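Chemist: Have a peek at coords_5.cif (mmCIF, N, CA and C atoms).
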data_model
#
loop_
_atom_site.label_atom_id
_atom_site.label_comp_id
_atom_site.auth_asym_id
_atom_site.auth_seq_id
_atom_site.Cartn_x
_atom_site.Cartn_y
_atom_site.Cartn_z
N MET A 1 94.18 101.90 144.82
CA MET A 1 93.71 101.27 143.61
C MET A 1 92.71 102.20 142.92
N LYS A 2 93.07 102.73 141.78
CA LYS A 2 92.21 103.64 141.05
C LYS A 2 91.18 102.85 140.24
N LYS A 3 89.95 103.35 140.24
CA LYS A 3 88.89 102.74 139.46
C LYS A 3 88.60 103.61 138.25
N LEU A 4 88.35 102.96 137.11
CA LEU A 4 87.92 103.65 135.91
C LEU A 4 86.53 103.14 135.53
N TYR A 5 85.65 104.05 135.23
CA TYR A 5 84.25 103.73 134.93
C TYR A 5 84.00 103.98 133.45
N TYR A 6 83.39 102.99 132.78
CA TYR A 6 83.08 103.12 131.36
C TYR A 6 81.62 102.81 131.09
N LYS A 7 81.03 103.60 130.23
CA LYS A 7 79.73 103.27 129.67
C LYS A 7 80.02 102.24 128.58
N ILE A 8 79.22 101.16 128.53
CA ILE A 8 79.46 100.10 127.55
C ILE A 8 78.17 99.70 126.83
N GLU A 9 78.36 99.07 125.69
CA GLU A 9 77.27 98.43 124.95
C GLU A 9 77.72 97.01 124.64
N LEU A 10 76.82 96.05 124.79
CA LEU A 10 77.15 94.66 124.49
C LEU A 10 76.09 94.08 123.58
N ARG A 11 76.55 93.41 122.54
CA ARG A 11 75.69 92.69 121.61
C ARG A 11 76.19 91.24 121.58
N ILE A 12 75.25 90.30 121.64
CA ILE A 12 75.61 88.88 121.55
C ILE A 12 74.80 88.27 120.42
N GLY A 13 75.45 87.42 119.66
CA GLY A 13 74.79 86.76 118.56
C GLY A 13 75.20 85.31 118.46
N GLU A 14 74.64 84.65 117.47
CA GLU A 14 74.96 83.25 117.24
C GLU A 14 75.18 83.06 115.74
N TRP A 15 76.22 82.29 115.41
CA TRP A 15 76.50 81.99 114.01
C TRP A 15 75.47 81.00 113.50
N VAL A 16 74.92 81.29 112.33
CA VAL A 16 73.91 80.42 111.72
C VAL A 16 74.39 80.07 110.32
N LEU A 17 74.36 78.80 109.99
CA LEU A 17 74.77 78.33 108.66
C LEU A 17 73.53 78.17 107.79
N TYR A 18 73.50 78.90 106.70
CA TYR A 18 72.41 78.74 105.73
C TYR A 18 72.90 77.77 104.67
N GLU A 19 72.42 76.54 104.72
CA GLU A 19 72.95 75.47 103.88
C GLU A 19 72.71 75.69 102.40
N GLU A 20 71.60 76.32 102.04
CA GLU A 20 71.31 76.54 100.62
C GLU A 20 72.41 77.37 99.97
N GLU A 21 72.85 78.38 100.68
CA GLU A 21 73.86 79.28 100.13
C GLU A 21 75.26 78.93 100.62
N ASN A 22 75.35 77.95 101.51
CA ASN A 22 76.61 77.51 102.10
C ASN A 22 77.39 78.69 102.70
N GLU A 23 76.67 79.57 103.36
CA GLU A 23 77.29 80.74 103.98
C GLU A 23 76.86 80.82 105.44
N GLU A 24 77.65 81.52 106.21
CA GLU A 24 77.38 81.66 107.64
C GLU A 24 77.15 83.13 107.96
N TYR A 25 76.16 83.39 108.79
CA TYR A 25 75.83 84.74 109.20
C TYR A 25 75.71 84.80 110.71
N GLY A 26 75.96 85.97 111.24
CA GLY A 26 75.76 86.18 112.67
C GLY A 26 74.42 86.84 112.91
N GLU A 27 73.61 86.22 113.73
CA GLU A 27 72.30 86.79 114.07
C GLU A 27 72.34 87.24 115.51
N LEU A 28 72.11 88.53 115.73
CA LEU A 28 72.14 89.10 117.07
C LEU A 28 70.85 88.82 117.80
N TYR A 29 70.95 88.49 119.10
CA TYR A 29 69.76 88.27 119.89
C TYR A 29 69.81 88.97 121.25
N TYR A 30 70.94 89.55 121.61
CA TYR A 30 71.07 90.22 122.91
C TYR A 30 71.62 91.61 122.66
N PHE A 31 70.89 92.62 123.12
CA PHE A 31 71.31 94.01 122.99
C PHE A 31 71.14 94.66 124.35
N SER A 32 72.20 95.19 124.91
CA SER A 32 72.07 95.88 126.19
C SER A 32 73.21 96.87 126.36
N ASP A 33 72.96 97.84 127.21
CA ASP A 33 74.03 98.76 127.56
C ASP A 33 74.07 98.88 129.07
N GLY A 34 75.19 99.36 129.57
CA GLY A 34 75.37 99.46 131.01
C GLY A 34 76.69 100.11 131.32
N TYR A 35 77.28 99.68 132.43
CA TYR A 35 78.53 100.28 132.90
C TYR A 35 79.48 99.21 133.41
N MET A 36 80.75 99.53 133.30
CA MET A 36 81.81 98.63 133.73
C MET A 36 82.80 99.43 134.58
N ILE A 37 83.30 98.80 135.63
CA ILE A 37 84.27 99.42 136.53
C ILE A 37 85.56 98.62 136.45
N PHE A 38 86.63 99.27 135.99
CA PHE A 38 87.95 98.66 135.92
C PHE A 38 88.72 98.94 137.20
N THR A 39 89.33 97.92 137.77
CA THR A 39 90.29 98.05 138.85
C THR A 39 91.53 97.30 138.37
N ASP A 40 92.58 98.04 138.05
CA ASP A 40 93.76 97.48 137.39
C ASP A 40 93.30 96.88 136.06
N ASP A 41 93.57 95.60 135.81
CA ASP A 41 93.18 94.97 134.55
C ASP A 41 91.91 94.14 134.65
N SER A 42 91.27 94.12 135.82
CA SER A 42 90.03 93.38 136.02
C SER A 42 88.85 94.34 135.99
N PHE A 43 87.68 93.81 135.67
CA PHE A 43 86.50 94.66 135.67
C PHE A 43 85.28 93.87 136.11
N GLU A 44 84.30 94.62 136.55
CA GLU A 44 82.97 94.08 136.81
C GLU A 44 81.98 95.16 136.43
N GLY A 45 80.80 94.73 136.06
CA GLY A 45 79.82 95.72 135.63
C GLY A 45 78.45 95.09 135.51
N TYR A 46 77.56 95.85 134.91
CA TYR A 46 76.19 95.37 134.76
C TYR A 46 75.60 95.89 133.46
N LEU A 47 74.64 95.14 132.97
CA LEU A 47 73.83 95.48 131.80
C LEU A 47 72.40 95.15 132.21
N THR A 48 71.60 96.15 132.50
CA THR A 48 70.25 95.97 133.03
C THR A 48 70.35 95.11 134.30
N ASN A 49 69.84 93.87 134.27
CA ASN A 49 69.93 92.99 135.45
C ASN A 49 70.93 91.86 135.24
N ASP A 50 71.84 92.01 134.32
CA ASP A 50 72.87 91.01 134.06
C ASP A 50 74.21 91.50 134.60
N VAL A 51 74.98 90.58 135.17
CA VAL A 51 76.28 90.92 135.75
C VAL A 51 77.38 90.52 134.77
N LEU A 52 78.41 91.35 134.71
CA LEU A 52 79.51 91.16 133.79
C LEU A 52 80.82 91.18 134.56
N PHE A 53 81.70 90.20 134.31
CA PHE A 53 83.01 90.13 134.94
C PHE A 53 84.05 89.91 133.85
N GLY A 54 85.29 90.22 134.14
CA GLY A 54 86.33 89.90 133.18
C GLY A 54 87.65 90.58 133.47
N ASP A 55 88.55 90.46 132.49
CA ASP A 55 89.86 91.10 132.64
C ASP A 55 90.52 91.27 131.28
N ILE A 56 91.58 92.05 131.30
CA ILE A 56 92.44 92.21 130.14
C ILE A 56 93.76 91.56 130.50
N GLY A 57 94.13 90.49 129.79
CA GLY A 57 95.34 89.75 130.08
C GLY A 57 96.57 90.46 129.54
N GLU A 58 97.73 90.01 130.01
CA GLU A 58 98.98 90.65 129.61
C GLU A 58 99.30 90.44 128.12
N ASN A 59 98.69 89.46 127.48
CA ASN A 59 98.90 89.23 126.05
C ASN A 59 97.82 89.89 125.21
N HIS A 60 97.22 90.96 125.73
CA HIS A 60 96.16 91.70 125.04
C HIS A 60 94.95 90.83 124.76
N GLU A 61 94.62 90.00 125.73
CA GLU A 61 93.41 89.19 125.63
C GLU A 61 92.32 89.85 126.45
N LEU A 62 91.19 90.05 125.83
CA LEU A 62 90.02 90.59 126.52
C LEU A 62 89.11 89.40 126.81
N TYR A 63 88.82 89.17 128.09
CA TYR A 63 88.01 88.03 128.51
C TYR A 63 86.83 88.57 129.30
N LEU A 64 85.63 88.08 129.01
CA LEU A 64 84.48 88.50 129.81
C LEU A 64 83.51 87.36 130.00
N GLU A 65 82.81 87.42 131.13
CA GLU A 65 81.75 86.47 131.47
C GLU A 65 80.51 87.28 131.77
N LEU A 66 79.40 86.85 131.23
CA LEU A 66 78.12 87.49 131.45
C LEU A 66 77.22 86.51 132.18
N LEU A 67 76.71 86.90 133.31
CA LEU A 67 75.71 86.10 134.02
C LEU A 67 74.36 86.65 133.60
N ASP A 68 73.69 85.92 132.74
CA ASP A 68 72.45 86.37 132.11
C ASP A 68 71.26 85.95 132.96
N PHE A 69 70.59 86.92 133.55
CA PHE A 69 69.46 86.66 134.44
C PHE A 69 68.30 85.98 133.69
N ASP A 70 68.06 86.38 132.45
CA ASP A 70 66.93 85.84 131.70
C ASP A 70 67.18 84.47 131.10
N ASP A 71 68.43 84.04 131.07
CA ASP A 71 68.77 82.78 130.44
C ASP A 71 69.13 81.73 131.50
N GLU A 72 68.19 81.48 132.40
CA GLU A 72 68.34 80.47 133.45
C GLU A 72 69.60 80.70 134.29
N LYS A 73 69.93 81.96 134.52
CA LYS A 73 71.08 82.35 135.34
C LYS A 73 72.34 81.59 134.92
N GLN A 74 72.66 81.63 133.65
CA GLN A 74 73.84 80.92 133.18
C GLN A 74 74.94 81.90 132.78
N PHE A 75 76.19 81.44 132.90
CA PHE A 75 77.34 82.23 132.47
C PHE A 75 77.59 82.00 131.00
N LEU A 76 77.85 83.07 130.28
CA LEU A 76 78.30 83.02 128.91
C LEU A 76 79.71 83.61 128.91
N SER A 77 80.67 82.92 128.32
CA SER A 77 82.07 83.36 128.33
C SER A 77 82.53 83.68 126.92
N PHE A 78 83.33 84.76 126.80
CA PHE A 78 83.84 85.21 125.52
C PHE A 78 85.27 85.69 125.69
N SER A 79 86.06 85.58 124.62
CA SER A 79 87.40 86.17 124.67
C SER A 79 87.89 86.48 123.27
N GLY A 80 88.92 87.30 123.23
CA GLY A 80 89.55 87.65 121.97
C GLY A 80 90.95 88.16 122.22
N HIS A 81 91.86 87.89 121.29
CA HIS A 81 93.24 88.38 121.35
C HIS A 81 93.38 89.52 120.36
N PHE A 82 94.03 90.59 120.78
CA PHE A 82 94.15 91.78 119.95
C PHE A 82 95.59 92.27 119.96
N GLU A 83 95.94 92.98 118.92
CA GLU A 83 97.28 93.57 118.83
C GLU A 83 97.48 94.57 119.96
N TYR A 84 96.44 95.33 120.23
CA TYR A 84 96.43 96.26 121.36
C TYR A 84 94.98 96.52 121.73
N ILE A 85 94.77 96.96 122.95
CA ILE A 85 93.42 97.29 123.42
C ILE A 85 93.44 98.74 123.88
N GLU A 86 92.60 99.55 123.24
CA GLU A 86 92.47 100.95 123.59
C GLU A 86 91.05 101.22 124.02
N LEU A 87 90.91 101.99 125.06
CA LEU A 87 89.58 102.36 125.54
C LEU A 87 89.44 103.87 125.45
N PRO A 88 88.33 104.40 124.97
CA PRO A 88 87.19 103.68 124.39
C PRO A 88 87.56 102.97 123.10
N GLY A 89 86.72 102.02 122.75
CA GLY A 89 86.95 101.22 121.55
C GLY A 89 85.94 100.10 121.48
N ALA A 90 85.92 99.37 120.36
CA ALA A 90 84.97 98.28 120.16
C ALA A 90 85.73 97.02 119.78
N TYR A 91 85.25 95.86 120.28
CA TYR A 91 85.94 94.59 120.07
C TYR A 91 84.95 93.46 119.86
N ALA A 92 85.29 92.54 118.97
CA ALA A 92 84.49 91.34 118.73
C ALA A 92 85.17 90.18 119.43
N LEU A 93 84.37 89.39 120.14
CA LEU A 93 84.89 88.29 120.95
C LEU A 93 84.23 86.97 120.56
N ALA A 94 85.00 85.91 120.60
CA ALA A 94 84.49 84.57 120.28
C ALA A 94 83.93 83.91 121.53
N GLY A 95 82.91 83.10 121.35
CA GLY A 95 82.31 82.37 122.46
C GLY A 95 83.21 81.26 122.96
N LEU A 96 83.34 81.15 124.27
CA LEU A 96 84.10 80.06 124.88
C LEU A 96 83.14 79.01 125.43
N SER A 97 82.09 79.45 126.12
CA SER A 97 81.14 78.51 126.70
C SER A 97 80.27 77.88 125.62
N ASP A 98 80.09 78.57 124.51
CA ASP A 98 79.33 78.05 123.37
C ASP A 98 79.98 78.65 122.12
N GLN A 99 80.65 77.82 121.34
CA GLN A 99 81.42 78.32 120.21
C GLN A 99 80.56 78.86 119.07
N LYS A 100 79.26 78.64 119.12
CA LYS A 100 78.37 79.22 118.11
C LYS A 100 78.06 80.69 118.43
N LYS A 101 78.36 81.11 119.65
CA LYS A 101 78.03 82.47 120.06
C LYS A 101 79.23 83.40 119.87
N PHE A 102 78.94 84.68 119.74
CA PHE A 102 79.97 85.72 119.69
C PHE A 102 79.44 86.96 120.37
N ALA A 103 80.33 87.85 120.74
CA ALA A 103 79.93 89.09 121.41
C ALA A 103 80.67 90.26 120.79
N ALA A 104 80.02 91.39 120.78
CA ALA A 104 80.64 92.64 120.36
C ALA A 104 80.48 93.61 121.52
N ILE A 105 81.59 94.06 122.07
CA ILE A 105 81.54 94.99 123.19
C ILE A 105 82.12 96.33 122.75
N LYS A 106 81.44 97.37 123.13
CA LYS A 106 81.90 98.72 122.80
C LYS A 106 82.04 99.50 124.10
N PHE A 107 83.24 100.00 124.33
CA PHE A 107 83.50 100.89 125.45
C PHE A 107 83.21 102.29 124.93
N VAL A 108 82.05 102.83 125.27
CA VAL A 108 81.55 104.06 124.67
C VAL A 108 82.30 105.28 125.15
N GLU A 109 82.39 105.43 126.47
CA GLU A 109 83.06 106.61 127.01
C GLU A 109 83.47 106.39 128.46
N LEU A 110 84.49 107.12 128.86
CA LEU A 110 84.95 107.13 130.24
C LEU A 110 84.01 108.02 131.04
N VAL A 111 83.54 107.53 132.17
CA VAL A 111 82.64 108.31 133.04
C VAL A 111 83.50 108.99 134.10
N LYS A 112 83.55 110.32 134.06
CA LYS A 112 84.40 111.07 134.98
C LYS A 112 83.64 111.71 136.12
N ASP A 113 82.34 111.89 135.97
CA ASP A 113 81.52 112.56 136.97
C ASP A 113 81.42 111.69 138.23
N SER A 114 81.84 112.23 139.37
CA SER A 114 81.88 111.45 140.61
C SER A 114 80.49 111.04 141.10
N SER A 115 79.47 111.87 140.88
CA SER A 115 78.12 111.49 141.31
C SER A 115 77.60 110.35 140.43
N LYS A 116 77.93 110.34 139.14
CA LYS A 116 77.53 109.25 138.26
C LYS A 116 78.29 107.97 138.64
N GLN A 117 79.56 108.09 139.01
CA GLN A 117 80.33 106.93 139.45
C GLN A 117 79.70 106.32 140.70
N GLU A 118 79.27 107.15 141.62
CA GLU A 118 78.61 106.67 142.84
C GLU A 118 77.31 105.94 142.49
N GLU A 119 76.56 106.48 141.56
CA GLU A 119 75.33 105.85 141.10
C GLU A 119 75.62 104.48 140.46
N ILE A 120 76.69 104.40 139.69
CA ILE A 120 77.08 103.14 139.05
C ILE A 120 77.45 102.10 140.12
N ASP A 121 78.21 102.51 141.13
CA ASP A 121 78.57 101.60 142.23
C ASP A 121 77.33 101.04 142.91
N LYS A 122 76.36 101.90 143.21
CA LYS A 122 75.13 101.46 143.88
C LYS A 122 74.33 100.51 143.01
N GLU A 123 74.22 100.82 141.73
CA GLU A 123 73.46 99.96 140.83
C GLU A 123 74.14 98.60 140.66
N LEU A 124 75.46 98.57 140.59
CA LEU A 124 76.18 97.30 140.50
C LEU A 124 75.90 96.44 141.73
N GLN A 125 75.89 97.02 142.91
CA GLN A 125 75.60 96.27 144.12
C GLN A 125 74.18 95.71 144.10
N ARG A 126 73.23 96.51 143.59
CA ARG A 126 71.84 96.05 143.49
C ARG A 126 71.74 94.84 142.56
N VAL A 127 72.38 94.93 141.40
CA VAL A 127 72.31 93.83 140.42
C VAL A 127 73.00 92.58 140.97
N LYS A 128 74.13 92.75 141.65
CA LYS A 128 74.83 91.59 142.20
C LYS A 128 73.97 90.87 143.26
N GLN A 129 73.12 91.61 143.97
CA GLN A 129 72.25 90.99 144.97
C GLN A 129 71.23 90.04 144.33
N ILE A 130 70.86 90.28 143.08
CA ILE A 130 69.95 89.38 142.39
C ILE A 130 70.53 87.97 142.33
N TYR A 131 71.86 87.89 142.18
CA TYR A 131 72.55 86.61 142.05
C TYR A 131 73.20 86.16 143.36
N PHE A 132 72.96 86.91 144.43
CA PHE A 132 73.58 86.61 145.73
C PHE A 132 75.10 86.67 145.66
N ILE A 133 75.63 87.63 144.89
CA ILE A 133 77.07 87.84 144.79
C ILE A 133 77.44 88.94 145.78
N PRO A 134 78.40 88.69 146.66
CA PRO A 134 78.77 89.72 147.65
C PRO A 134 79.49 90.91 147.01
#
Could I get this structure in the form of structure tokens?
Modeler:
Amino acid sequence: MKKLYYKIELRIGEWVLYEEENEEYGELYYFSDGYMIFTDDSFEGYLTNDVLFGDIGENHELYLELLDFDDEKQFLSFSGHFEYIELPGAYALAGLSDQKKFAAIKFVELVKDSSKQEEIDKELQRVKQIYFIP
């Protein structure tokens, strides 16, 4: 099973309706970067002390869950359907756990350096221990 390592950026926001103008805007409140490890179509990764899980479905659906350490250890779920998914690339996802939320994920670059990959593996294990995830 080959692993692919990506540097990522994640932004999360919430849709806000301004009634005076009858328009809706997205206000970002979460900004973080980290790394993701793909094994086949599934992935796990981290952003600072937050854990990220997900997969790419056969119908070009990108699904991810973020376990946010600062937000009472709660899962936030997002997904989106796309014509195709290319990495690196950037994608906007709709909130599943809270429909007012949205996420923008950017796969910045493929990490090829084996020592950096080892460092990413170790850091992912450290972050997972915060949540008691084996």
Chemist: Quick check, in Å to one decimal: how far apart do atom CA of Asp121 of chain A and atom CA of Thr39 of chain A lie?
Modeler: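 Between atom CA of Asp121 of chain A and atom CA of Thr39 of chain A the gap works out to 12.7 Å.
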Chemist: Write out as a PyMOL selection string each polymer residue whose atoms come within 7 Å of Ser97 of chain A, counting all atoms listed in the file; drop sequence neighbours fewer than 4 positions from it.
Modeler: chain A and resi 75-78
Chemist: Could you check how far atom CA of Glu123 of chain A sits from atom CA of Leu64 of chain A, in Å to one decimal?
Modeler: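 Pair atom CA of Glu123 of chain A / atom CA of Leu64 of chain A returns 19.3 Å.
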Chemist: Report the distance between atom CA of Ser79 of chain A and atom C of Tyr5 of chain A in Å, rounded to one decimal place.
Modeler: 20.1 Å
Chemist: Measuring between all atoms listed in the file, which one of A:Ile133, A:Leu4, A:Ala103, A:Leu110 shows the shortest distance to Phe38 of chain A?
Modeler: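 Smallest separation from Phe38 of chain A among the options: A:Leu4.
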Chemist: Would you kindly return, as an NGL selection string, each protein, DNA or RNA residue with an atom no farther than 6 Å from any atom of segment 47-63 of chain A, considering only C-alpha atoms and excluding same-chain residues fewer than 5 positions away?
Modeler: :A and (32-34 or 41-42 or 68-69 or 78-82 or 84 or 127)
Chemist: Using only N, CA and C atoms, pick whichever of A:Lys106, A:Lys112, A:Lys122, A:Lys101 has the shortest atom-to-atom distance to Gly89 of chain A.
Modeler: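 Nearest candidate to Gly89 of chain A out of A:Lys106, A:Lys112, A:Lys122, A:Lys101: A:Lys106.
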Chemist: For Ala90 of chain A, work out the shell of residues within 10 Å, counting only C-alpha atoms and skipping chain neighbours fewer than 5 positions away, then give it as a VMD selection string.
Modeler: chain A and resid 8 to 10 85 104 to 108
Chemist: Which residue out of A:Leu66, A:Leu96, A:Glu14, A:Ile120 has the minimum interatomic distance to Met36 of chain A when all atoms listed in the file are used?
Modeler: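 For Met36 of chain A, the nearest of the candidates is A:Ile120.
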Chemist: Run DSSP on the backbone and grab whatever in segment 1-132 of chain A lands in strand (DSSP E or B); send it over as an MDAnalysis selection string.
Modeler: chainID A and resid 3:18 23:39 42:47 50:56 61:68 74:81 89:95 101:111
Chemist: Since I can't run it myself right now, could you work out what the PyMOL selection byres ((chain A and resi 27) around 7) selects here and report it as a list in words?
Modeler: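 Going through the file, the PyMOL selection byres ((chain A and resi 27) around 7) ends up selecting Ile12, Gly13, Glu14, Trp15, Val16, Tyr25, Gly26, Leu28, Tyr29 and Tyr30 of chain A.
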Chemist: Quick one: 5 Å padding each side, axis-aligned, all listed atoms of segment 97-114 of chain A - centre and edge lengths in Å to one decimal, as lines of an AutoDock Vina configuration file?
Modeler:
center_x = 81.5
center_y = 95.2
center_z = 129.6
size_x = 16.9
size_y = 44.7
size_z = 33.0
Chemist: Write out N, CA, C and O atoms for segment 31-55 of chain A, as a PDB file, in the coordinates of the input.
Modeler:
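Result file follows (result_35.pdb):
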ATOM      1  N   PHE A  31      70.890  92.620 123.120  1.00  0.00           N
ATOM      2  CA  PHE A  31      71.310  94.010 122.990  1.00  0.00           C
ATOM      3  C   PHE A  31      71.140  94.660 124.350  1.00  0.00           C
ATOM      4  O   PHE A  31      70.043  94.647 124.901  1.00  0.00           O
ATOM      5  N   SER A  32      72.200  95.190 124.910  1.00  0.00           N
ATOM      6  CA  SER A  32      72.070  95.880 126.190  1.00  0.00           C
ATOM      7  C   SER A  32      73.210  96.870 126.360  1.00  0.00           C
ATOM      8  O   SER A  32      74.249  96.758 125.720  1.00  0.00           O
ATOM      9  N   ASP A  33      72.960  97.840 127.210  1.00  0.00           N
ATOM     10  CA  ASP A  33      74.030  98.760 127.560  1.00  0.00           C
ATOM     11  C   ASP A  33      74.070  98.880 129.070  1.00  0.00           C
ATOM     12  O   ASP A  33      73.145  98.508 129.770  1.00  0.00           O
ATOM     13  N   GLY A  34      75.190  99.360 129.570  1.00  0.00           N
ATOM     14  CA  GLY A  34      75.370  99.460 131.010  1.00  0.00           C
ATOM     15  C   GLY A  34      76.690 100.110 131.320  1.00  0.00           C
ATOM     16  O   GLY A  34      77.198 100.928 130.540  1.00  0.00           O
ATOM     17  N   TYR A  35      77.280  99.680 132.430  1.00  0.00           N
ATOM     18  CA  TYR A  35      78.530 100.280 132.900  1.00  0.00           C
ATOM     19  C   TYR A  35      79.480  99.210 133.410  1.00  0.00           C
ATOM     20  O   TYR A  35      79.059  98.166 133.886  1.00  0.00           O
ATOM     21  N   MET A  36      80.750  99.530 133.300  1.00  0.00           N
ATOM     22  CA  MET A  36      81.810  98.630 133.730  1.00  0.00           C
ATOM     23  C   MET A  36      82.800  99.430 134.580  1.00  0.00           C
ATOM     24  O   MET A  36      83.100 100.580 134.262  1.00  0.00           O
ATOM     25  N   ILE A  37      83.300  98.800 135.630  1.00  0.00           N
ATOM     26  CA  ILE A  37      84.270  99.420 136.530  1.00  0.00           C
ATOM     27  C   ILE A  37      85.560  98.620 136.450  1.00  0.00           C
ATOM     28  O   ILE A  37      85.588  97.432 136.761  1.00  0.00           O
ATOM     29  N   PHE A  38      86.630  99.270 135.990  1.00  0.00           N
ATOM     30  CA  PHE A  38      87.950  98.660 135.920  1.00  0.00           C
ATOM     31  C   PHE A  38      88.720  98.940 137.200  1.00  0.00           C
ATOM     32  O   PHE A  38      88.749 100.074 137.670  1.00  0.00           O
ATOM     33  N   THR A  39      89.330  97.920 137.770  1.00  0.00           N
ATOM     34  CA  THR A  39      90.290  98.050 138.850  1.00  0.00           C
ATOM     35  C   THR A  39      91.530  97.300 138.370  1.00  0.00           C
ATOM     36  O   THR A  39      91.494  96.080 138.234  1.00  0.00           O
ATOM     37  N   ASP A  40      92.580  98.040 138.050  1.00  0.00           N
ATOM     38  CA  ASP A  40      93.760  97.480 137.390  1.00  0.00           C
ATOM     39  C   ASP A  40      93.300  96.880 136.060  1.00  0.00           C
ATOM     40  O   ASP A  40      92.682  97.566 135.276  1.00  0.00           O
ATOM     41  N   ASP A  41      93.570  95.600 135.810  1.00  0.00           N
ATOM     42  CA  ASP A  41      93.180  94.970 134.550  1.00  0.00           C
ATOM     43  C   ASP A  41      91.910  94.140 134.650  1.00  0.00           C
ATOM     44  O   ASP A  41      91.496  93.511 133.680  1.00  0.00           O
ATOM     45  N   SER A  42      91.270  94.120 135.820  1.00  0.00           N
ATOM     46  CA  SER A  42      90.030  93.380 136.020  1.00  0.00           C
ATOM     47  C   SER A  42      88.850  94.340 135.990  1.00  0.00           C
ATOM     48  O   SER A  42      89.000  95.521 136.278  1.00  0.00           O
ATOM     49  N   PHE A  43      87.680  93.810 135.670  1.00  0.00           N
ATOM     50  CA  PHE A  43      86.500  94.660 135.670  1.00  0.00           C
ATOM     51  C   PHE A  43      85.280  93.870 136.110  1.00  0.00           C
ATOM     52  O   PHE A  43      85.240  92.640 136.062  1.00  0.00           O
ATOM     53  N   GLU A  44      84.300  94.620 136.550  1.00  0.00           N
ATOM     54  CA  GLU A  44      82.970  94.080 136.810  1.00  0.00           C
ATOM     55  C   GLU A  44      81.980  95.160 136.430  1.00  0.00           C
ATOM     56  O   GLU A  44      82.313  96.348 136.454  1.00  0.00           O
ATOM     57  N   GLY A  45      80.800  94.730 136.060  1.00  0.00           N
ATOM     58  CA  GLY A  45      79.820  95.720 135.630  1.00  0.00           C
ATOM     59  C   GLY A  45      78.450  95.090 135.510  1.00  0.00           C
ATOM     60  O   GLY A  45      78.226  93.957 135.931  1.00  0.00           O
ATOM     61  N   TYR A  46      77.560  95.850 134.910  1.00  0.00           N
ATOM     62  CA  TYR A  46      76.190  95.370 134.760  1.00  0.00           C
ATOM     63  C   TYR A  46      75.600  95.890 133.460  1.00  0.00           C
ATOM     64  O   TYR A  46      76.004  96.916 132.919  1.00  0.00           O
ATOM     65  N   LEU A  47      74.640  95.140 132.970  1.00  0.00           N
ATOM     66  CA  LEU A  47      73.830  95.480 131.800  1.00  0.00           C
ATOM     67  C   LEU A  47      72.400  95.150 132.210  1.00  0.00           C
ATOM     68  O   LEU A  47      72.065  93.975 132.339  1.00  0.00           O
ATOM     69  N   THR A  48      71.600  96.150 132.500  1.00  0.00           N
ATOM     70  CA  THR A  48      70.250  95.970 133.030  1.00  0.00           C
ATOM     71  C   THR A  48      70.350  95.110 134.300  1.00  0.00           C
ATOM     72  O   THR A  48      70.915  95.552 135.269  1.00  0.00           O
ATOM     73  N   ASN A  49      69.840  93.870 134.270  1.00  0.00           N
ATOM     74  CA  ASN A  49      69.930  92.990 135.450  1.00  0.00           C
ATOM     75  C   ASN A  49      70.930  91.860 135.240  1.00  0.00           C
ATOM     76  O   ASN A  49      70.858  90.836 135.921  1.00  0.00           O
ATOM     77  N   ASP A  50      71.840  92.010 134.320  1.00  0.00           N
ATOM     78  CA  ASP A  50      72.870  91.010 134.060  1.00  0.00           C
ATOM     79  C   ASP A  50      74.210  91.500 134.600  1.00  0.00           C
ATOM     80  O   ASP A  50      74.518  92.684 134.514  1.00  0.00           O
ATOM     81  N   VAL A  51      74.980  90.580 135.170  1.00  0.00           N
ATOM     82  CA  VAL A  51      76.280  90.920 135.750  1.00  0.00           C
ATOM     83  C   VAL A  51      77.380  90.520 134.770  1.00  0.00           C
ATOM     84  O   VAL A  51      77.310  89.477 134.122  1.00  0.00           O
ATOM     85  N   LEU A  52      78.410  91.350 134.710  1.00  0.00           N
ATOM     86  CA  LEU A  52      79.510  91.160 133.790  1.00  0.00           C
ATOM     87  C   LEU A  52      80.820  91.180 134.560  1.00  0.00           C
ATOM     88  O   LEU A  52      81.018  92.053 135.414  1.00  0.00           O
ATOM     89  N   PHE A  53      81.700  90.200 134.310  1.00  0.00           N
ATOM     90  CA  PHE A  53      83.010  90.130 134.940  1.00  0.00           C
ATOM     91  C   PHE A  53      84.050  89.910 133.850  1.00  0.00           C
ATOM     92  O   PHE A  53      83.728  89.382 132.796  1.00  0.00           O
ATOM     93  N   GLY A  54      85.290  90.220 134.140  1.00  0.00           N
ATOM     94  CA  GLY A  54      86.330  89.900 133.180  1.00  0.00           C
ATOM     95  C   GLY A  54      87.650  90.580 133.470  1.00  0.00           C
ATOM     96  O   GLY A  54      87.841  91.162 134.538  1.00  0.00           O
ATOM     97  N   ASP A  55      88.550  90.460 132.490  1.00  0.00           N
ATOM     98  CA  ASP A  55      89.860  91.100 132.640  1.00  0.00           C
ATOM     99  C   ASP A  55      90.520  91.270 131.280  1.00  0.00           C
ATOM    100  O   ASP A  55      90.074  90.717 130.279  1.00  0.00           O
TER     101      ASP A  55
END
